[in-house]
Amino acid sequence: MGKFDEIEAAPRRVMTLFILVDTSGSMEGDRIGQVNASMLEVIPYIDDISKSNADAQVKVAVMEFSSGCEWQYPQPMDAGQYQWRDLEAGGLTQMGEAFTELNDKLSTSHGFMNQASGSFAPAIILLSDGEPTDDYKRGLSKLKENGWYKAGIKVAIAIGDDANKDVLAEFTGNKEAVLTVHNKEQLKKIIHFVSVTASQVASSHSSVGSEAADSKQEEFVDTLKDAQDTTDTFEGVDVSADDSSNAGTDDWGQF
């Protein structure tokens, strides 16, 4: 064996896909049921992205929030090992507490970003169907000062017309990254598209010469715009937080 045969491949940096799910009482029924079913289907696709990426290992971290917030697991897990635990709905919508907790975990010193091999900026997906019931601005203002949050991809899925899309746009930083779904089939398609696309973009290297903090967000939004013209994924889905443009009518069945 030659001396160069003993050289090991450099460890891959980690890209964490954060998924924040509103599990308040209004999510009961088809809404939370479709979130559970969709995540079971999409995690294997995230695993495929991770396995095929020579530079990045994709890990998953899921938080549910209602009257408080809780992570499914105490640390982000490799997508190939992630076992989805069905979420149940009930309680209030303490989004501010969720933002505060996310800010705490977006830390290299004591949070989820302390990977020995280093980390790519994360992708963060927020799903909600209602209004915050706490002081969300306080939590969001702290989160917006976080460097990992600034550099990461932020996208929100508004589940139904009752979701406060203005708040979700505050979270993402632009209206184009807020997608409103009106039924469970749309929810399934958008969860899949957003999870896979955000993971792909976030785990890739930035374009040459593009080191701005929002470059990944811009790249993701551009991908969204392109997909609207080339796929039927967005049929009936409202793109942007503009309430004057409503592409569909809510139809969630019985709760």
# chains A, B, ... in the order shown; residues from 1 in each chain; ligands from 1
>>> residues_around(residues="range 60-65 of chain A", least_positions_apart="6", cutoff="10 Å", atoms="only C-alpha atoms", output="count of residues only")
50
>>> closest_atom_pairs(of="range 125-174 of chain A", to="range 212-227 of chain A", cutoff="9 Å", atoms="only C-alpha atoms", output="CSV")
residue,atom,partner,partner_atom,distance
A:Gly147,CA,A:Ala213,CA,8.4
A:Lys150,CA,A:Ala213,CA,6.1
A:Ala151,CA,A:Ala213,CA,4.5
A:Gly152,CA,A:Lys216,CA,6.7
A:Ile153,CA,A:Gln217,CA,4.8
A:Lys154,CA,A:Gln217,CA,6.8
A:Val155,CA,A:Gln217,CA,8.8
A:Thr172,CA,A:Gln217,CA,8.9
>>> select_by_dssp(residues="range 34-130 of chain A", states="helix (DSSP H, G or I)", output="PDB file with N, CA, C and O atoms, in the first residue's frame")
ATOM      1  N   GLN A  34     -51.618  15.367   7.746  1.00  0.00           N
ATOM      2  CA  GLN A  34     -50.869  15.452   6.501  1.00  0.00           C
ATOM      3  C   GLN A  34     -49.421  15.831   6.744  1.00  0.00           C
ATOM      4  O   GLN A  34     -48.533  15.377   6.016  1.00  0.00           O
ATOM      5  N   VAL A  35     -49.158  16.657   7.733  1.00  0.00           N
ATOM      6  CA  VAL A  35     -47.763  16.965   8.085  1.00  0.00           C
ATOM      7  C   VAL A  35     -47.029  15.679   8.453  1.00  0.00           C
ATOM      8  O   VAL A  35     -45.919  15.408   7.972  1.00  0.00           O
ATOM      9  N   ASN A  36     -47.646  14.860   9.292  1.00  0.00           N
ATOM     10  CA  ASN A  36     -47.020  13.596   9.694  1.00  0.00           C
ATOM     11  C   ASN A  36     -46.776  12.685   8.494  1.00  0.00           C
ATOM     12  O   ASN A  36     -45.671  12.137   8.320  1.00  0.00           O
ATOM     13  N   ALA A  37     -47.787  12.522   7.660  1.00  0.00           N
ATOM     14  CA  ALA A  37     -47.661  11.634   6.501  1.00  0.00           C
ATOM     15  C   ALA A  37     -46.603  12.151   5.527  1.00  0.00           C
ATOM     16  O   ALA A  37     -45.807  11.371   4.977  1.00  0.00           O
ATOM     17  N   SER A  38     -46.571  13.460   5.317  1.00  0.00           N
ATOM     18  CA  SER A  38     -45.621  14.042   4.370  1.00  0.00           C
ATOM     19  C   SER A  38     -44.188  13.912   4.860  1.00  0.00           C
ATOM     20  O   SER A  38     -43.279  13.616   4.068  1.00  0.00           O
ATOM     21  N   MET A  39     -43.968  14.120   6.132  1.00  0.00           N
ATOM     22  CA  MET A  39     -42.608  14.034   6.652  1.00  0.00           C
ATOM     23  C   MET A  39     -42.085  12.602   6.603  1.00  0.00           C
ATOM     24  O   MET A  39     -40.893  12.368   6.358  1.00  0.00           O
ATOM     25  N   LEU A  40     -42.955  11.634   6.821  1.00  0.00           N
ATOM     26  CA  LEU A  40     -42.543  10.236   6.685  1.00  0.00           C
ATOM     27  C   LEU A  40     -42.047   9.957   5.266  1.00  0.00           C
ATOM     28  O   LEU A  40     -41.089   9.207   5.060  1.00  0.00           O
ATOM     29  N   GLU A  41     -42.693  10.570   4.284  1.00  0.00           N
ATOM     30  CA  GLU A  41     -42.315  10.345   2.890  1.00  0.00           C
ATOM     31  C   GLU A  41     -41.087  11.137   2.480  1.00  0.00           C
ATOM     32  O   GLU A  41     -40.282  10.673   1.662  1.00  0.00           O
ATOM     33  N   VAL A  42     -40.915  12.326   3.031  1.00  0.00           N
ATOM     34  CA  VAL A  42     -39.865  13.205   2.520  1.00  0.00           C
ATOM     35  C   VAL A  42     -38.491  12.923   3.117  1.00  0.00           C
ATOM     36  O   VAL A  42     -37.458  13.163   2.460  1.00  0.00           O
ATOM     37  N   ILE A  43     -38.426  12.403   4.330  1.00  0.00           N
ATOM     38  CA  ILE A  43     -37.125  12.185   4.969  1.00  0.00           C
ATOM     39  C   ILE A  43     -36.216  11.267   4.144  1.00  0.00           C
ATOM     40  O   ILE A  43     -35.007  11.531   4.027  1.00  0.00           O
ATOM     41  N   PRO A  44     -36.713  10.187   3.513  1.00  0.00           N
ATOM     42  CA  PRO A  44     -35.828   9.392   2.655  1.00  0.00           C
ATOM     43  C   PRO A  44     -35.236  10.184   1.495  1.00  0.00           C
ATOM     44  O   PRO A  44     -34.100   9.923   1.077  1.00  0.00           O
ATOM     45  N   TYR A  45     -35.965  11.162   0.965  1.00  0.00           N
ATOM     46  CA  TYR A  45     -35.416  12.007  -0.097  1.00  0.00           C
ATOM     47  C   TYR A  45     -34.283  12.876   0.445  1.00  0.00           C
ATOM     48  O   TYR A  45     -33.281  13.106  -0.238  1.00  0.00           O
ATOM     49  N   ILE A  46     -34.446  13.369   1.674  1.00  0.00           N
ATOM     50  CA  ILE A  46     -33.387  14.153   2.301  1.00  0.00           C
ATOM     51  C   ILE A  46     -32.152  13.278   2.503  1.00  0.00           C
ATOM     52  O   ILE A  46     -31.010  13.718   2.301  1.00  0.00           O
ATOM     53  N   ASP A  47     -32.379  12.040   2.868  1.00  0.00           N
ATOM     54  CA  ASP A  47     -31.273  11.100   3.029  1.00  0.00           C
ATOM     55  C   ASP A  47     -30.534  10.897   1.706  1.00  0.00           C
ATOM     56  O   ASP A  47     -29.299  10.838   1.670  1.00  0.00           O
ATOM     57  N   ASP A  48     -31.272  10.794   0.607  1.00  0.00           N
ATOM     58  CA  ASP A  48     -30.643  10.638  -0.708  1.00  0.00           C
ATOM     59  C   ASP A  48     -29.762  11.840  -1.042  1.00  0.00           C
ATOM     60  O   ASP A  48     -28.659  11.689  -1.597  1.00  0.00           O
ATOM     61  N   ILE A  49     -30.237  13.047  -0.722  1.00  0.00           N
ATOM     62  CA  ILE A  49     -29.446  14.253  -0.963  1.00  0.00           C
ATOM     63  C   ILE A  49     -28.152  14.189  -0.167  1.00  0.00           C
ATOM     64  O   ILE A  49     -27.065  14.505  -0.667  1.00  0.00           O
ATOM     65  N   SER A  50     -28.259  13.769   1.079  1.00  0.00           N
ATOM     66  CA  SER A  50     -27.081  13.680   1.937  1.00  0.00           C
ATOM     67  C   SER A  50     -26.080  12.662   1.410  1.00  0.00           C
ATOM     68  O   SER A  50     -24.877  12.925   1.331  1.00  0.00           O
ATOM     69  N   LYS A  51     -26.563  11.496   1.030  1.00  0.00           N
ATOM     70  CA  LYS A  51     -25.666  10.428   0.579  1.00  0.00           C
ATOM     71  C   LYS A  51     -24.960  10.771  -0.728  1.00  0.00           C
ATOM     72  O   LYS A  51     -23.845  10.308  -0.977  1.00  0.00           O
ATOM     73  N   ALA A  79     -30.124  12.211   8.389  1.00  0.00           N
ATOM     74  CA  ALA A  79     -31.411  11.954   7.747  1.00  0.00           C
ATOM     75  C   ALA A  79     -31.692  10.468   7.592  1.00  0.00           C
ATOM     76  O   ALA A  79     -32.844  10.022   7.693  1.00  0.00           O
ATOM     77  N   GLY A  80     -30.640   9.674   7.377  1.00  0.00           N
ATOM     78  CA  GLY A  80     -30.821   8.235   7.201  1.00  0.00           C
ATOM     79  C   GLY A  80     -31.210   7.514   8.472  1.00  0.00           C
ATOM     80  O   GLY A  80     -31.706   6.380   8.420  1.00  0.00           O
ATOM     81  N   GLN A  81     -30.993   8.140   9.608  1.00  0.00           N
ATOM     82  CA  GLN A  81     -31.308   7.521  10.899  1.00  0.00           C
ATOM     83  C   GLN A  81     -32.544   8.139  11.554  1.00  0.00           C
ATOM     84  O   GLN A  81     -32.990   7.670  12.600  1.00  0.00           O
ATOM     85  N   MET A  95     -45.339  31.162  19.298  1.00  0.00           N
ATOM     86  CA  MET A  95     -44.310  31.266  18.264  1.00  0.00           C
ATOM     87  C   MET A  95     -43.080  32.019  18.758  1.00  0.00           C
ATOM     88  O   MET A  95     -41.945  31.715  18.378  1.00  0.00           O
ATOM     89  N   GLY A  96     -43.293  33.004  19.610  1.00  0.00           N
ATOM     90  CA  GLY A  96     -42.165  33.746  20.160  1.00  0.00           C
ATOM     91  C   GLY A  96     -41.232  32.857  20.961  1.00  0.00           C
ATOM     92  O   GLY A  96     -40.007  32.983  20.876  1.00  0.00           O
ATOM     93  N   GLU A  97     -41.817  31.941  21.724  1.00  0.00           N
ATOM     94  CA  GLU A  97     -40.991  30.999  22.483  1.00  0.00           C
ATOM     95  C   GLU A  97     -40.223  30.075  21.535  1.00  0.00           C
ATOM     96  O   GLU A  97     -39.068  29.730  21.789  1.00  0.00           O
ATOM     97  N   ALA A  98     -40.871  29.691  20.433  1.00  0.00           N
ATOM     98  CA  ALA A  98     -40.194  28.851  19.447  1.00  0.00           C
ATOM     99  C   ALA A  98     -39.011  29.594  18.824  1.00  0.00           C
ATOM    100  O   ALA A  98     -37.937  29.013  18.609  1.00  0.00           O
ATOM    101  N   PHE A  99     -39.185  30.887  18.527  1.00  0.00           N
ATOM    102  CA  PHE A  99     -38.092  31.676  17.961  1.00  0.00           C
ATOM    103  C   PHE A  99     -36.930  31.785  18.954  1.00  0.00           C
ATOM    104  O   PHE A  99     -35.762  31.710  18.572  1.00  0.00           O
ATOM    105  N   THR A 100     -37.260  31.976  20.222  1.00  0.00           N
ATOM    106  CA  THR A 100     -36.226  32.085  21.253  1.00  0.00           C
ATOM    107  C   THR A 100     -35.443  30.781  21.366  1.00  0.00           C
ATOM    108  O   THR A 100     -34.210  30.781  21.471  1.00  0.00           O
ATOM    109  N   GLU A 101     -36.154  29.665  21.329  1.00  0.00           N
ATOM    110  CA  GLU A 101     -35.502  28.356  21.422  1.00  0.00           C
ATOM    111  C   GLU A 101     -34.639  28.093  20.180  1.00  0.00           C
ATOM    112  O   GLU A 101     -33.522  27.564  20.296  1.00  0.00           O
ATOM    113  N   LEU A 102     -35.132  28.445  19.008  1.00  0.00           N
ATOM    114  CA  LEU A 102     -34.345  28.269  17.796  1.00  0.00           C
ATOM    115  C   LEU A 102     -33.068  29.099  17.865  1.00  0.00           C
ATOM    116  O   LEU A 102     -31.986  28.626  17.506  1.00  0.00           O
ATOM    117  N   ASN A 103     -33.180  30.333  18.319  1.00  0.00           N
ATOM    118  CA  ASN A 103     -32.010  31.189  18.456  1.00  0.00           C
ATOM    119  C   ASN A 103     -30.966  30.546  19.359  1.00  0.00           C
ATOM    120  O   ASN A 103     -29.757  30.585  19.071  1.00  0.00           O
ATOM    121  N   ASP A 104     -31.418  29.926  20.439  1.00  0.00           N
ATOM    122  CA  ASP A 104     -30.498  29.268  21.372  1.00  0.00           C
ATOM    123  C   ASP A 104     -29.768  28.104  20.707  1.00  0.00           C
ATOM    124  O   ASP A 104     -28.580  27.882  20.941  1.00  0.00           O
ATOM    125  N   LYS A 105     -30.474  27.368  19.863  1.00  0.00           N
ATOM    126  CA  LYS A 105     -29.872  26.198  19.226  1.00  0.00           C
ATOM    127  C   LYS A 105     -29.011  26.563  18.011  1.00  0.00           C
ATOM    128  O   LYS A 105     -28.162  25.778  17.587  1.00  0.00           O
TER     129      LYS A 105
END
>>> residues_around(residues="Asp251 in chain A", least_positions_apart="6", cutoff="12 Å", atoms="only C-alpha atoms", output="list in words")
Asp30, Arg31, Ile159, Gly160, Asp161, Val181, His182, Asn183, Lys184, Glu185, Gln186, Leu187 and Gly236 of chain A
>>> closest_residue(among="A:Lys142, A:His192, A:Lys175, A:Arg12", to="Lys59 in chain A", atoms="only C-alpha atoms")
A:Arg12
>>> atom_distance(atom1="CA of Tyr136 in chain A", atom2="CA of Gly111 in chain A")
21.0 Å
>>> closest_residue(among="A:Ser240, A:Ser203, A:Thr249, A:Ser67", to="Lys165 in chain A", atoms="only C-alpha atoms")
A:Ser240
